Amino acid sequence: MAFLGTAVRRMVLTVRPPVSPLCRTSARSYSSTPTQEKNVPYEKTLKQEDGVSSGPTKPLPRSADAVVIGGGSLGCQTVYHLAKMGMTNVVLLERDRLTAGTTWHTAGLLWQLRPSDVEVELLAHTRNVISKDLEEETGLHTGWIENGGLFIASNKQRLDEYKRLMSLGKVYGIESHVLSPAETKDLYPLMNVDDLYGTLYVPKDGTMDPAGTCTTLARAASARGAMVIENCPVTGINVHTDDLGVKRVKAVETPHGTIETACVVNCAGVWATKLGEMAGVKVPLIAMHHAYVVTERIDGIQNMPNVRDHDASVYLRLQGDALSVGGYEQNPIFWDEVSDKFAFSLFDLDWDVFTQHIEGAINRVPKLEQTGIKSTVCGPESFTADHKPLMGEAPEVRGFFLGCGFNSAGMMLGGGCGKELAHWIIHGRPEKDMYGYDIRRFHNSLTDNDRWIRERSHESYAKNYSVVFPFDEPLASRNMRKDPFHQVLTEQGCVFQERHGWERPGWFNKEGPAPVKDYDYYGAYDIERNVNYKYNELLGKEYTFDFPPHHDVIKSECLSCRHGVAVFDMSYFGKFYLTGPDAKKAADWLFTADVNKKPGSTVYTCMLNKRGGAEADLTVSRLEPGASNLPLAPKSNGDTYYLAIGGGVAEHNWNHIRTVLQDQGFRCQLVDHSEDMGMISIQGPKSREVLQEVLDTDLSNDSFPFSTHKVVNAAGHQVRAMRLSFVGELGWELHIPKDSCLPVYRAVMAAGAKHGIINSGYRAIDSLSIEKGYRHWHADLRPDDTPLEAGLAFTCKMKSSIPFQGRERLEKQKAEGLRRRIVCFTIEEKVPMFGLEAIFRNGVPVGQLRRSDYGFFIDKTIGYGYIRHPEGGVVSPDFIRSGEFTLERMGVTYKAKAHLKTPFDPENKRVKGIYT
């Protein structure tokens with residue numbers, strides 16, 4: 001019998017040969033041949049021991065409203081929720097048996113707390129479906145076991161992270177307790193607590209059974225009219241192009257017949273990329289080996305909670321009277337040759353890779369050293385560039401939806417994501433803010449870039465158990481998209497952030513350049529680690545829940561902008577032109593504000609979904625019709641609009657606009673010039689004095705008022721100047737053709753030298769914007785927030801009769817009163833907050849902060865969050881004024897002041913150039 005301790009000692013004696021990550025699969029001495037023996041520890045699987053039948057389990061229908069492909073957790077949850085929402089003519093196709101791909105061997109853990117309010121809600125729905133709903137509907141037990149969960153902290157930072165989760169959990173009614181080492185020992189007597197800092201105990205966490213869950217889901221869906229067909233592989237997806245040139249799903253082909261449908265849902269897991277290729281859809285995921293071992297019986301382990309020791313990168317899952325032991329390693333094995341014949345199959349375990357988990361497990365539960373290994377489980381799982389799933393309608397083909405790439409969390413997230421995906425399919429958008437999972441979060445230039453997919457997926461896998469710090473940045477696949485200022489800013493000490501593939505300025509290091517280097521895979525696969533890596537060292541100093549060491553540097557950038565003048569490189573912004581015969585109709589329908597002012601105007605506006613939720617905020621500038629002056633203006637003989645959109649969400653915005661144009665049949669062209677132009681923003685009380693030396697136009701209030709734009713000359717180069725501000729100061733943006741960027745930038749810096757001009761980055765923008773009360777999309781403003789709730793009613797043309805998408809929902813909400821509302825909070829104590837802190841009104845939880853930062857001008861921590869009435873009533877200004885508010889940070893409460901207006905320049909004088 002093999003013992004865990006023996007495996008560790010054997011590993012010490014092993015010498016590993018050098019391996020390239022690009023040929024990892026073929027270079028290692030393990031078998032990629034599927035093992036025939038069933039090693040998973042579940043009492044029941046859906047594998048057919050007597051061989052798979054030759055044909056489908058049911059006759060195929062001629063047509064369906066939707067065809068879900070893949071009978072794992074996501075496929076079963078999606079078809080169940082589609083049927084529950086009333087779409088009964090829906091088919092699930094599984095090439096083998098339900099769960100045959102990756103679901104059957106999953107560990108099946110469910111933890112309720114994550115550092116995201118949306119994920120907490122998704123997990124809660126999964127738990128409700130598995131533990132309650134399905135049993136009530138079918139009378140069948142899914143295999144849910146509520147044995148609790150225990151998170152291990154070996155240091156203060158890790159326990160601080162758990163305390164943040166505990167505070168967030170209070171908002172959602174999730175019971176959790178921070179335990180001392182002694183209390184942890186009482187709860188889990190077999191645990192070594194000598195090196196513990198503390199633990200987080202969540203009593204109602206538990207484990208799921210894949211076979212029991214998926215069969216019950218299939219039965220419940222079938223009872224509502226859905227059709228679940230096994231032993232029916234998909235061989236093709238028919239796509240046709242409609243009269244407007246839009247590609248749409250037409251049918252699904254199988255060896256046993258064709259099903260006509262306008263909707264396909266790709267829940268094929270590891271095989272999702274191949275399914276996407278059938279329709280011309282890019283699915284950016286990668287397959288890796290993911291493993292755990294199951295021990296022999298352990299006396300005293302019965303009824304113990306599941307354990308996640310993040311610092312040791314290992315989990316211990318209760319398996320009856322034994323434990324399953326697994327984790328995430330630095331050197332996972334890529335499965336590059338994904339086989340279509342791989343069903344209910346496993347790889348041989350590579351002990352060289354896996355043994356690192358055993359060391360951590362033995363340290364946590366010493367009894368494991370003398371415990372035998374009953375079985376090994378090493379199967380394929382799909383992983384993505386940011387360790388988040390891929391969901392939503394594919395940008396390339398209408399009607400082709402993704403529900404894949406779940407990073408071994410498909411069982412845990414399946415219920416919540418299945419419900420949102422079903423809503424997405426039926427109603428066009430999900431109910432919750434699913435942007436973090438939406439395929440449109442990735443720029444189209446990245447989704448078929450093999451290097452980006454492999455490097456990012458590796459890093460996300462290796463860092464899966466790392467502390468989630470507020471200002472972390474990836475090291476993999478950097479420098480994919482660089483603007484014209486990149487080199488000169490690098491030389492001036494710019495510490496870059498990565499967004500949407502772009503390198504954008506984060507802050508400026510006064511100790512010199514800190515360039516980003518090529519990815520070193522953290523030294524895995526015997527790749528030499530980067531040495532003297534200044535960028536990585538600076539990033540490491542960010543790994544804190546306190547103010548970072550360079551807090552004063554960001555303060556200096558902010559106050560230089562408030563008192564003098566600063567330059568922000570915002571070139572990563574999306575820059576689109578909307579033209580065509582129906583451009584005015586499209587603009588009226590797309591944008592909440594009336595953007596049809598006279599040419600030369602610039603308007604801040606939102607774009608909404610059908611339920612009134614904010615899909616975007618942006619500026620829209622109306623242009624004079626005329627001859628082409630690209631990239632500053634397209635040729636047009638009618639209405640033309642220039643759209644400037646936050647670069648991190650540009651792909652999402654592009655696809656939202658395009659989808660609306662298609663759905664409404666507007667004859668318009670949407671053209672992307674994001675790569676052709678740079679953009680710098682010059683902001684502060686002295687910005688007019690600086691730019692008046694550079695631009696050949698009068699910058700006075702009368703000649704160049706706020707929210708207007710002009711094409712002007714800057715140091716001999718044509719640019720589009722816009723009088724706007726993202727920070728609440730007098731300032732202008734310069735939108736500059738790529739080849740003119742550096743000459744214009746140098747002219748600005750030269751003119752500003754005598755005024756003390758400085759470069760500044762997005763960390764300063766974050767602080768300055770929250771101080772002013774400006775919204776950040778996907779933080780203060782999300783697709784599940786309406787402009788009325790977000791305090792942006794002024795962007796909505798409600799006093800006009802012009803219809804726009806989402807207007808009916810806003811009118812209804814306005815008439816009924818707001819059930820939730822965004823509120824600004826400040827605290828007197830100088831402590832950092834980052835969002836997710838719980839908000840209490842009169843001692844009752846009413847919400848959590850969405851975003852928080854330090855406001856250096858008012859010298860206070862500022863947070864914005866949505867609050868609700870605990871009894872479901874209207875959240876009126878009086879409700880806010882009459883309450884006593886506190887914010888909870890890591891279990892400690894702080895008295896907070898609620899503001900109905902921003903405490904900084906509430907009369908909006910500074911953007912008008914009024915400094916008194």
# chains A, B, ... in the order shown; residues from 1 in each chain; ligands from 1

call {"tool": "residues_around", "arguments": {"residues": "Phe704 (chain A)", "least_positions_apart": "6", "cutoff": "9 Å", "atoms": "only C-alpha atoms", "output": "MDAnalysis selection string"}}
result
chainID A and resid 697:698 710 722:723

call {"tool": "residues_around", "arguments": {"residues": "region 882-891 of chain A", "least_positions_apart": "2", "cutoff": "7 Å", "atoms": "only C-alpha atoms", "output": "list in words"}}
result
Asp160, Lys163, Arg164, Ser167, Glu837, Ala838, Ile839, Phe840, Arg841, Asn842, Asp878, Phe879, Ile880, Thr893, Tyr894, Lys895, Ala896 and Lys897 of chain A

call {"tool": "residues_around", "arguments": {"residues": "Thr273 (chain A)", "least_positions_apart": "2", "cutoff": "7 Å", "atoms": "only C-alpha atoms", "output": "list in words"}}
result
Trp271, Leu275, Gly276, Glu277, Lys282 and Val283 of chain A

call {"tool": "write_last_selection", "arguments": {"atoms": "N, CA and C atoms", "output": "short mmCIF file (atom, residue, chain, number, x, y, z; two decimals), in the first residue's frame"}}
result
data_model
loop_
_atom_site.label_atom_id
_atom_site.label_comp_id
_atom_site.auth_asym_id
_atom_site.auth_seq_id
_atom_site.Cartn_x
_atom_site.Cartn_y
_atom_site.Cartn_z
N TRP A 271 -13.91 20.55 -24.37
CA TRP A 271 -14.12 20.42 -25.81
C TRP A 271 -14.80 21.64 -26.41
N LEU A 275 -15.93 22.85 -30.47
CA LEU A 275 -17.32 23.13 -30.83
C LEU A 275 -17.44 24.55 -31.38
N GLY A 276 -16.70 25.48 -30.78
CA GLY A 276 -16.70 26.85 -31.29
C GLY A 276 -16.19 26.94 -32.71
N GLU A 277 -15.16 26.17 -33.02
CA GLU A 277 -14.58 26.18 -34.37
C GLU A 277 -15.60 25.77 -35.42
N LYS A 282 -14.46 31.93 -31.57
CA LYS A 282 -13.25 31.75 -30.77
C LYS A 282 -13.62 31.51 -29.31
N VAL A 283 -13.08 30.43 -28.74
CA VAL A 283 -13.35 30.08 -27.34
C VAL A 283 -12.01 30.00 -26.62
#

call {"tool": "closest_residue", "arguments": {"among": "A:Glu811, A:Glu455, A:Glu135, A:Glu511", "to": "His550 (chain A)", "atoms": "only C-alpha atoms"}}
result
A:Glu511

call {"tool": "residues_around", "arguments": {"residues": "Gly392 (chain A)", "least_positions_apart": "5", "cutoff": "6 Å", "atoms": "only C-alpha atoms", "output": "list in words"}}
result
Phe401, Leu402 and Asp438 of chain A

call {"tool": "closest_residue", "arguments": {"among": "A:Val338, A:Leu244, A:Ile425, A:Leu123", "to": "Arg667 (chain A)", "atoms": "only C-alpha atoms"}}
result
A:Leu244

call {"tool": "closest_residue", "arguments": {"among": "A:Gly236, A:Pro505, A:Gly847, A:Gly613", "to": "Pro430 (chain A)", "atoms": "only C-alpha atoms"}}
result
A:Gly613

call {"tool": "closest_residue", "arguments": {"among": "A:Thr216, A:Asp672, A:Phe496, A:Lys754", "to": "Leu134 (chain A)", "atoms": "only C-alpha atoms"}}
result
A:Thr216

call {"tool": "atom_distance", "arguments": {"atom1": "CA of Thr640 (chain A)", "atom2": "CA of Leu734 (chain A)"}}
result
19.2 Å

call {"tool": "atom_distance", "arguments": {"atom1": "CA of Ser408 (chain A)", "atom2": "CA of Ile358 (chain A)"}}
result
19.5 Å
